[in-house]
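The next block is start-v3.tsv, given as TSV, C-alpha atoms.
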chain	number	residue	atom	x	y	z
A	92	MET	CA	-13.72	67.48	71.11
A	93	ASP	CA	-12.88	63.92	70.30
A	94	THR	CA	-15.15	63.75	67.25
A	95	TRP	CA	-12.35	64.24	64.77
A	96	ARG	CA	-10.43	61.28	66.11
A	97	GLN	CA	-13.49	59.05	66.09
A	98	LEU	CA	-14.08	59.44	62.38
A	99	LYS	CA	-13.56	56.42	60.17
A	100	PRO	CA	-10.87	56.33	57.47
A	101	LEU	CA	-13.47	56.65	54.71
A	102	GLU	CA	-14.77	59.81	56.37
A	103	TRP	CA	-11.26	61.22	56.67
A	104	CYS	CA	-10.75	60.48	52.99
A	105	LYS	CA	-13.54	62.92	52.21
A	106	TYR	CA	-11.36	65.78	53.41
A	107	VAL	CA	-8.39	64.90	51.22
A	108	ASN	CA	-7.74	67.32	48.36
A	109	LYS	CA	-9.93	70.01	49.91
A	110	GLU	CA	-8.95	73.40	51.25
A	111	VAL	CA	-9.93	73.50	54.91
A	112	LYS	CA	-9.67	75.68	57.96
A	113	VAL	CA	-8.58	73.73	61.03
A	114	THR	CA	-9.23	75.09	64.49
A	115	ALA	CA	-6.94	73.55	67.06
A	116	HIS	CA	-6.31	73.89	70.78
A	117	GLU	CA	-5.20	77.24	72.19
A	118	LYS	CA	-7.11	79.08	69.48
A	119	GLN	CA	-4.73	78.05	66.74
A	120	GLN	CA	-6.21	78.31	63.28
A	121	HIS	CA	-4.60	76.95	60.19
A	122	HIS	CA	-5.76	76.60	56.66
A	123	GLY	CA	-4.38	74.77	53.69
A	124	TRP	CA	-5.01	71.91	51.32
A	125	VAL	CA	-5.43	68.54	52.98
A	126	PHE	CA	-2.85	66.10	51.65
A	127	THR	CA	-3.71	63.28	54.02
A	128	VAL	CA	-4.97	62.38	57.48
A	129	ASP	CA	-2.89	59.87	59.43
A	130	PRO	CA	-5.20	57.02	60.47
A	131	VAL	CA	-3.04	56.24	63.50
A	132	SER	CA	-2.81	59.67	65.08
A	133	ALA	CA	-5.60	61.50	63.17
A	134	SER	CA	-3.08	64.23	62.32
A	135	ILE	CA	-4.05	66.44	59.41
A	136	VAL	CA	-1.37	67.29	56.85
A	137	LEU	CA	-2.04	70.70	55.29
A	138	VAL	CA	-0.14	72.16	52.35
A	139	THR	CA	-0.01	75.87	51.60
A	140	PHE	CA	1.23	76.87	48.17
A	141	GLN	CA	3.13	80.12	47.90
A	142	GLU	CA	1.78	82.79	45.57
A	143	LYS	CA	4.97	83.32	43.60
A	144	GLY	CA	5.70	79.63	43.12
A	145	GLY	CA	8.22	79.20	45.92
A	146	THR	CA	8.51	76.02	47.95
A	147	PRO	CA	5.21	75.04	49.57
A	148	THR	CA	4.82	75.02	53.34
A	149	VAL	CA	3.56	71.89	55.05
A	150	ARG	CA	1.83	72.12	58.40
A	151	VAL	CA	0.68	69.11	60.36
A	152	VAL	CA	-1.92	69.51	63.10
A	153	THR	CA	-1.75	66.67	65.59
A	154	GLY	CA	-4.95	64.69	65.84
A	155	HIS	CA	-5.47	65.15	69.56
A	156	ALA	CA	-5.38	68.95	69.17
A	157	VAL	CA	-7.98	69.22	66.40
A	158	GLN	CA	-11.20	70.87	67.48
A	159	GLU	CA	-12.95	71.71	64.25
A	160	VAL	CA	-12.37	71.24	60.54
A	161	GLU	CA	-14.27	73.44	58.09
A	162	VAL	CA	-14.16	72.85	54.34
A	163	LEU	CA	-13.51	76.03	52.39
A	164	GLN	CA	-12.98	74.79	48.87
A	165	GLU	CA	-13.17	71.62	46.90
A	166	GLY	CA	-10.06	70.51	45.06
A	167	ASN	CA	-9.86	69.21	41.54
A	168	GLU	CA	-7.52	67.04	39.44
A	169	GLU	CA	-5.01	69.87	39.23
A	170	THR	CA	-4.69	70.37	42.98
A	171	ALA	CA	-4.56	66.63	43.51
A	172	GLY	CA	-1.71	66.41	41.03
A	173	ARG	CA	0.17	69.28	42.65
A	174	LEU	CA	-0.17	67.66	46.07
A	175	ARG	CA	1.01	64.30	44.80
A	176	VAL	CA	4.04	65.73	43.05
A	177	ILE	CA	5.50	67.60	45.98
A	178	PHE	CA	5.79	64.48	48.10
A	179	THR	CA	7.34	62.29	45.45
A	180	PRO	CA	11.01	61.94	46.34
A	181	PRO	CA	13.37	63.48	43.81
A	182	GLY	CA	14.88	61.09	41.31
A	183	ALA	CA	12.10	58.57	41.59
A	184	HIS	CA	10.46	57.77	38.32
A	185	THR	CA	8.01	55.05	37.49
A	186	LEU	CA	9.15	52.34	35.15
A	187	GLY	CA	6.78	50.91	32.60
A	188	PRO	CA	6.13	47.16	32.67
A	189	GLU	CA	8.33	46.65	29.61
A	190	GLU	CA	11.27	48.36	31.25
A	191	VAL	CA	10.81	46.35	34.44
A	192	ARG	CA	10.75	43.11	32.45
A	193	HIS	CA	13.86	44.13	30.59
A	194	ARG	CA	15.68	44.88	33.82
A	195	LYS	CA	14.71	41.51	35.26
A	196	GLU	CA	15.94	39.65	32.18
A	197	SER	CA	19.14	41.63	32.06
A	198	LEU	CA	19.87	40.92	35.72
A	199	ARG	CA	19.05	37.23	35.39
A	200	LEU	CA	21.39	36.84	32.44
A	201	TRP	CA	24.17	38.71	34.23
A	202	LEU	CA	23.85	36.52	37.31
A	203	GLU	CA	23.84	33.35	35.23
A	204	LYS	CA	26.91	34.56	33.35
A	205	ASN	CA	28.63	34.88	36.71
A	206	ARG	CA	27.59	31.30	37.56
A	207	ILE	CA	25.12	32.30	40.26
A	208	PRO	CA	22.10	29.97	40.44
A	209	VAL	CA	19.02	32.08	39.87
A	210	GLU	CA	15.43	31.20	39.13
A	211	GLU	CA	12.32	33.25	38.50
A	212	LYS	CA	9.60	33.03	41.08
A	213	GLY	CA	6.75	35.13	39.75
A	214	GLU	CA	7.81	38.75	39.89
A	215	MET	CA	10.94	38.02	41.91
A	216	LEU	CA	14.31	36.53	41.16
A	217	CYS	CA	15.38	33.90	43.66
A	218	VAL	CA	19.13	33.52	44.03
A	219	ALA	CA	20.47	30.28	45.46
A	220	ASN	CA	17.33	30.00	47.61
A	221	VAL	CA	18.70	32.51	50.11
A	222	LEU	CA	18.23	35.86	48.43
A	223	THR	CA	15.38	37.46	46.54
A	224	VAL	CA	15.43	40.41	44.21
A	225	SER	CA	12.19	42.22	43.59
A	226	ALA	CA	11.30	44.94	41.08
A	227	PRO	CA	12.90	47.18	39.92
A	228	TYR	CA	15.86	44.83	40.40
A	229	GLY	CA	18.37	47.31	41.71
A	230	ALA	CA	20.94	46.80	44.45
A	231	GLU	CA	18.51	48.11	47.07
A	232	ASP	CA	15.89	45.57	46.06
A	233	CYS	CA	17.91	42.56	47.20
A	234	SER	CA	16.72	40.90	50.36
A	235	SER	CA	18.44	38.11	52.27
A	236	SER	CA	19.18	36.97	55.79
A	237	ASN	CA	22.81	36.22	54.94
A	238	GLU	CA	24.90	39.39	54.93
A	239	ILE	CA	27.85	37.98	53.06
A	240	ILE	CA	25.77	36.72	50.17
A	241	LEU	CA	23.78	39.96	50.22
A	242	ALA	CA	26.90	42.06	49.89
A	243	ARG	CA	28.30	39.88	47.12
A	244	VAL	CA	25.10	39.90	45.08
A	245	GLN	CA	24.59	43.63	45.59
A	246	SER	CA	28.02	44.43	44.20
A	247	LEU	CA	27.29	42.13	41.28
A	248	VAL	CA	24.00	43.88	40.60
A	249	GLU	CA	25.72	47.22	40.64
A	250	SER	CA	28.42	46.03	38.24
A	251	ASN	CA	25.93	44.80	35.67
A	252	PRO	CA	27.23	46.37	32.45
A	253	ASP	CA	23.78	46.37	30.93
A	254	SER	CA	22.01	48.29	33.66
A	255	THR	CA	21.28	51.94	33.00
A	256	PRO	CA	22.01	54.12	36.02
A	257	ASP	CA	18.79	55.92	36.87
A	258	GLN	CA	20.06	57.92	39.82
A	259	PRO	CA	23.35	59.61	40.57
A	260	ALA	CA	25.72	57.09	42.10
A	261	ASN	CA	25.89	57.49	45.87
A	262	SER	CA	28.74	55.08	46.61
B	128	MET	CA	26.35	78.91	66.79
B	129	ARG	CA	25.02	78.59	70.28
B	130	PRO	CA	26.86	76.07	72.48
B	131	HIS	CA	25.04	72.87	73.34
B	132	VAL	CA	23.60	72.36	76.80
B	133	SER	CA	24.32	69.07	78.52
B	134	VAL	CA	21.72	66.34	78.52
B	135	LEU	CA	19.11	67.12	81.15
B	136	ARG	CA	17.20	63.86	81.29
B	137	LEU	CA	17.64	60.63	79.40
B	138	PRO	CA	14.48	59.16	77.90
B	139	ARG	CA	13.16	55.82	79.05
B	140	GLY	CA	14.26	52.93	76.85
B	141	PRO	CA	11.89	51.04	74.61
B	142	ALA	CA	9.74	48.33	76.13
B	143	PRO	CA	11.25	44.88	75.51
B	144	ASN	CA	8.17	43.63	73.73
B	145	GLY	CA	7.28	46.84	72.01
B	146	ARG	CA	7.99	46.08	68.35
B	147	GLY	CA	5.43	46.80	65.72
B	148	PHE	CA	2.01	48.16	65.90
B	149	ASP	CA	0.67	46.15	68.81
B	150	PRO	CA	-2.61	47.51	70.14
B	151	ASN	CA	-2.20	45.44	73.32
B	152	SER	CA	1.21	46.81	74.26
B	153	PRO	CA	1.09	48.69	77.57
B	154	ARG	CA	2.61	51.75	75.93
B	155	PHE	CA	-0.09	51.94	73.32
B	156	ILE	CA	-2.87	51.43	75.85
B	157	ALA	CA	-1.43	54.03	78.17
B	158	LEU	CA	-0.83	56.69	75.59
B	159	CYS	CA	-3.11	56.06	72.64
B	160	PRO	CA	-6.85	55.82	72.46
B	161	THR	CA	-7.84	52.24	73.23
B	162	THR	CA	-9.31	51.71	69.82
B	163	ILE	CA	-8.36	53.01	66.42
B	164	SER	CA	-11.28	54.08	64.31
B	165	ALA	CA	-12.64	51.05	62.58
B	166	SER	CA	-16.05	49.71	61.73
B	167	THR	CA	-17.19	46.76	63.76
B	168	GLU	CA	-17.10	43.44	61.98
B	169	THR	CA	-20.67	42.44	62.81
B	170	ALA	CA	-22.60	45.35	61.44
B	171	THR	CA	-21.06	45.96	58.05
B	172	ASP	CA	-20.36	43.73	55.10
B	173	SER	CA	-16.88	42.68	54.07
B	174	VAL	CA	-16.78	44.98	51.03
B	175	GLN	CA	-16.96	48.01	53.25
B	176	ILE	CA	-14.28	46.61	55.53
B	177	ARG	CA	-12.04	46.18	52.49
B	178	GLU	CA	-12.76	49.69	51.30
B	179	GLU	CA	-12.04	51.02	54.73
B	180	GLN	CA	-8.75	49.17	54.94
B	181	ARG	CA	-7.75	50.40	51.51
B	182	ALA	CA	-8.52	53.95	52.55
B	183	ARG	CA	-6.59	53.48	55.77
B	184	SER	CA	-3.46	52.23	53.96
B	185	ALA	CA	-3.61	55.00	51.36
B	186	LEU	CA	-3.91	57.64	54.06
B	187	ARG	CA	-1.12	56.10	56.09
B	188	GLU	CA	1.19	55.82	53.09
B	189	SER	CA	0.69	59.50	52.30
B	190	PHE	CA	1.41	60.36	55.90
B	191	LEU	CA	4.61	58.32	55.87
B	192	ARG	CA	5.66	60.21	52.74
B	193	THR	CA	5.10	63.42	54.69
B	194	LEU	CA	7.44	62.15	57.40
B	195	ILE	CA	10.02	61.19	54.80
B	196	ALA	CA	9.83	64.68	53.28
B	197	MET	CA	10.31	66.14	56.74
B	198	THR	CA	13.53	64.23	57.51
B	199	ASN	CA	16.58	66.42	58.12
B	200	LYS	CA	14.57	69.60	57.62
B	201	GLN	CA	14.16	72.45	60.04
B	202	VAL	CA	10.75	72.09	61.64
B	203	GLN	CA	8.93	74.60	63.84
B	204	PHE	CA	6.91	72.97	66.62
B	205	HIS	CA	4.00	74.85	68.16
B	206	MET	CA	3.34	73.33	71.54
B	207	TYR	CA	1.00	73.99	74.43
B	208	GLU	CA	1.38	77.09	76.59
B	209	ARG	CA	2.36	79.04	73.45
B	210	VAL	CA	5.77	77.39	73.36
B	211	LYS	CA	7.42	77.50	69.97
B	212	VAL	CA	10.64	75.62	69.29
B	213	GLU	CA	12.64	74.78	66.23
B	214	ALA	CA	14.66	71.65	65.54
B	215	LYS	CA	15.88	69.35	62.82
B	216	PHE	CA	13.55	66.41	62.41
B	217	GLY	CA	15.12	62.96	62.58
B	218	ALA	CA	12.50	60.26	62.92
B	219	SER	CA	9.13	59.36	64.35
B	220	ASP	CA	7.99	56.20	66.08
B	221	ILE	CA	5.28	54.02	64.64
B	222	ASP	CA	2.44	55.37	66.78
B	223	VAL	CA	3.48	59.00	66.20
B	224	LEU	CA	3.99	59.44	69.91
B	225	ASN	CA	7.61	60.61	69.92
B	226	PHE	CA	9.77	62.50	67.49
B	227	GLN	CA	13.53	62.14	67.48
B	228	ILE	CA	14.98	65.58	66.76
B	229	SER	CA	18.40	67.24	66.73
B	230	GLU	CA	19.61	70.76	67.45
B	231	LEU	CA	16.53	71.66	69.45
B	232	HIS	CA	16.55	75.40	70.09
B	233	THR	CA	15.08	76.11	73.52
B	234	PRO	CA	15.12	79.25	75.65
B	235	ILE	CA	17.86	77.72	77.81
B	236	GLY	CA	20.09	76.59	75.00
B	237	VAL	CA	20.46	74.12	72.18
B	238	GLN	CA	19.85	70.44	72.92
B	239	LYS	CA	21.99	68.36	70.61
B	240	GLU	CA	19.56	65.44	70.52
B	241	ALA	CA	16.09	65.20	72.01
B	242	LEU	CA	12.89	63.22	72.05
B	243	LEU	CA	9.80	65.30	71.62
B	244	ARG	CA	6.48	64.03	72.98
B	245	CYS	CA	3.86	64.42	70.28
B	246	GLN	CA	1.12	64.73	72.88
B	247	ASP	CA	2.69	68.08	73.81
B	248	VAL	CA	2.63	69.37	70.23
B	249	ILE	CA	-0.35	71.14	68.70
B	250	SER	CA	1.05	71.63	65.22
B	251	TYR	CA	4.35	71.61	63.40
B	252	SER	CA	5.38	73.06	60.08
B	253	PHE	CA	8.25	72.99	57.64
B	254	ASP	CA	9.10	74.22	54.16
B	255	LEU	CA	9.66	71.65	51.45

What would you get if you wrote out this structure as structure tokens?
Amino acid sequence: MDTWRQLKPLEWCKYVNKEVKVTAHEKQQHHGWVFTVDPVSASIVLVTFQEKGGTPTVRVVTGHAVQEVEVLQEGNEETAGRLRVIFTPPGAHTLGPEEVRHRKESLRLWLEKNRIPVEEKGEMLCVANVLTVSAPYGAEDCSSSNEIILARVQSLVESNPDSTPDQPANS
Amino acid sequence: MRPHVSVLRLPRGPAPNGRGFDPNSPRFIALCPTTISASTETATDSVQIREEQRARSALRESFLRTLIAMTNKQVQFHMYERVKVEAKFGASDIDVLNFQISELHTPIGVQKEALLRCQDVISYSFDL
């Protein structure tokens, strides 16, 4: 009964992007496409797509209740893509390296214009040695142990006239 | 809207040293298997260990995304003894041992806030 939980991560990976039938305790049977297996709890995340294109249903079977996992179908690039897309949070989009660089430059110039000491440390901007800004250099990417400086710099970042808003403003 | 029932039992507080994924914490030892699946260092070469760790982090990241997608959604929990309850999912702890949920519909009423023990749950489902 414990065999599922004893599997190694690489063995769990083999079930990802496959349609499986999971038999659990109390004769529960579920089937769906495996999105992932949690390595901490061995829980299986199954996704069932609706026929008519409605919202998919996600069912998670807790690791300790799994008795048997049977592979029904192999997935392909298309199913992998569908699985990946449904868990990407809305509004998130990936920035190309050029865009990220541009944002970093734009933020650095804005901070310097406001007489804030800033230097580049690899991929991060280091402000006055107490605050760091990492990609993609938005207000949420500032990190500091000093709340007052954090708040000040965050409002500065948000007021950067050059920055293009990529998400609806939530303030 | 069904009225809320009063709190029946407060949960135990967190252990004072229980921050982070500590395999030696008494809570983890008591409730989780004593080892997480991992290859032993001696037998295998370091490349496989790296591959295994990469797989483990990819799997865990996907699972965390599942939890994020589940936040504030109505989730149906299928528990032992054919108990089925519905609640709004709030958060999980790091070992996936407890779920913080709100508006838990039970046969005796609606619990405004509750902690659900994951060991009692067989499966849970929600619509995206």

Can you pull out the residues contacting segment 221-235 of chain A? Cut-off 7 Å, using all atoms listed in the file, and skip same-chain residues under 2 positions away; I want them as a ChimeraX atom specification. /A:191,194-195,214-219,237,241,245,248-249

Quick one: which chain B residues come within 7 Å of chain A, and what is the nearest atom pair for each with the distance in Å to one decimal, counting all atoms listed in the file, rows ordered by chain and ascending number, as a tab-separated table?
residue	atom	partner	partner_atom	distance
B:Ile163	CA	A:Val131	CA	6.9
B:Ser164	CA	A:Lys99	CA	5.3
B:Ala165	CA	A:Lys99	CA	6.0
B:Glu179	CA	A:Leu101	CA	5.8
B:Ala182	CA	A:Pro100	CA	5.9
B:Arg183	CA	A:Pro100	CA	5.4
B:Leu186	CA	A:Thr127	CA	5.6
B:Arg187	CA	A:Asp129	CA	5.3
B:Ser189	CA	A:Thr127	CA	6.1
B:Phe190	CA	A:Asp129	CA	5.6
B:Arg192	CA	A:Phe178	CA	6.3
B:Thr193	CA	A:Phe178	CA	6.7
B:Ala196	CA	A:Phe178	CA	6.6
B:Asp222	CA	A:Val131	CA	6.4
B:Val223	CA	A:Ser132	CA	6.4
B:Val248	CA	A:Thr153	CA	6.9
B:Ile249	CA	A:Ala156	CA	5.5
B:Ser250	CA	A:Val152	CA	4.2
B:Tyr251	CA	A:Val151	CA	5.4
B:Ser252	CA	A:Arg150	CA	4.0
B:Phe253	CA	A:Val149	CA	5.5
B:Asp254	CA	A:Thr148	CA	4.4
B:Leu255	CA	A:Thr146	CA	5.7

Let me see the file: selected residues, C-alpha atoms, as a compact mmCIF listing (two decimals), in the coordinates of the input.
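Full text of again22.txt as output:
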# COMPACT_ATOMS: atom_id res chain seq x y z
CA ILE B 163 -8.36 53.01 66.42
CA SER B 164 -11.28 54.08 64.31
CA ALA B 165 -12.64 51.05 62.58
CA GLU B 179 -12.04 51.02 54.73
CA ALA B 182 -8.52 53.95 52.55
CA ARG B 183 -6.59 53.48 55.77
CA LEU B 186 -3.91 57.64 54.06
CA ARG B 187 -1.12 56.10 56.09
CA SER B 189 0.69 59.50 52.30
CA PHE B 190 1.41 60.36 55.90
CA ARG B 192 5.66 60.21 52.74
CA THR B 193 5.10 63.42 54.69
CA ALA B 196 9.83 64.68 53.28
CA ASP B 222 2.44 55.37 66.78
CA VAL B 223 3.48 59.00 66.20
CA VAL B 248 2.63 69.37 70.23
CA ILE B 249 -0.35 71.14 68.70
CA SER B 250 1.05 71.63 65.22
CA TYR B 251 4.35 71.61 63.40
CA SER B 252 5.38 73.06 60.08
CA PHE B 253 8.25 72.99 57.64
CA ASP B 254 9.10 74.22 54.16
CA LEU B 255 9.66 71.65 51.45

Can you measure atom CA of Asp172 of chain B to atom CA of Thr94 of chain A for me? One decimal in Å is fine. 24.0 Å

Could you jot down the atom CA of Met206 of chain B to atom CA of Ser184 of chain B separation for me, Å, one decimal place?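 Answer for the atom CA of Met206 of chain B to atom CA of Ser184 of chain B separation: 28.3 Å.
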
Just to confirm, what's the straight-line distance from atom CA of Thr198 of chain B to atom CA of Ala218 of chain B in Å (one decimal)? 6.8 Å

For segment 182-187 of chain B, take all atoms listed in the file, fit an axis-aligned box around them, add 3 Å to each of the six sides, then output centre and edge lengths in Å rounded to one decimal, as AutoDock Vina command-line options.
--center_x -4.8 --center_y 54.9 --center_z 53.7 --size_x 13.4 --size_y 11.4 --size_z 10.7

Need the shell around His131 of chain B: protein/DNA/RNA residues with any atom at most 9 Å away, counting only C-alpha atoms. Skip same-chain ones fewer than 4 positions apart. Format as a ChimeraX atom specification? /B:230,236-239

Output file for the residues above (C-alpha atoms, as an mmCIF file, in the frame of the given file):
data_model
loop_
_atom_site.group_PDB
_atom_site.id
_atom_site.type_symbol
_atom_site.label_atom_id
_atom_site.label_comp_id
_atom_site.auth_asym_id
_atom_site.auth_seq_id
_atom_site.Cartn_x
_atom_site.Cartn_y
_atom_site.Cartn_z
ATOM 1 C CA GLU B 230 19.610 70.760 67.450
ATOM 2 C CA GLY B 236 20.090 76.590 75.000
ATOM 3 C CA VAL B 237 20.460 74.120 72.180
ATOM 4 C CA GLN B 238 19.850 70.440 72.920
ATOM 5 C CA LYS B 239 21.990 68.360 70.610
#

When distances are computed from all atoms listed in the file, which of A:Gln158, A:Gln164, A:Gln141, A:Ser250 shows the smallest separation from Val125 of chain A? A:Gln164

Would you pick out the contacts of segment 209-213 of chain B at 9 Å or less, using all atoms listed in the file, so that residues sharing its chain but fewer than 3 positions from it are not included, and give the list as a list of chain:residue names?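 Contacts, with the query itself left out: A:Glu117, B:Gln201, B:Val202, B:Gln203, B:Phe204, B:His205, B:Met206, B:Glu230, B:Leu231, B:His232, B:Thr233, B:Pro234.
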
Proximity to Ser229 of chain B - best of B:Ser133, B:Gln180, B:Gln175, B:Asn199, all atoms listed in the file: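 Comparing B:Ser133, B:Gln180, B:Gln175, B:Asn199 against Ser229 of chain B, the winner is B:Asn199.
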
Which is closer to Tyr207 of chain B than all the others in B:Ile195, B:Ala185, B:Cys245, B:Ile228, using all atoms listed in the file?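 For Tyr207 of chain B, the nearest of the given residues is B:Cys245.
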
Nearest residue to Asn205 of chain A out of A:Arg243, A:Glu165, A:Lys105, A:Gly123, using all atoms listed in the file?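 Under the stated criterion, the closest residue is A:Arg243.
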
Closest of A:Glu142, A:Asp93, A:Glu159, A:Glu210 to His122 of chain A - atom-to-atom distances counting only C-alpha atoms: A:Glu159
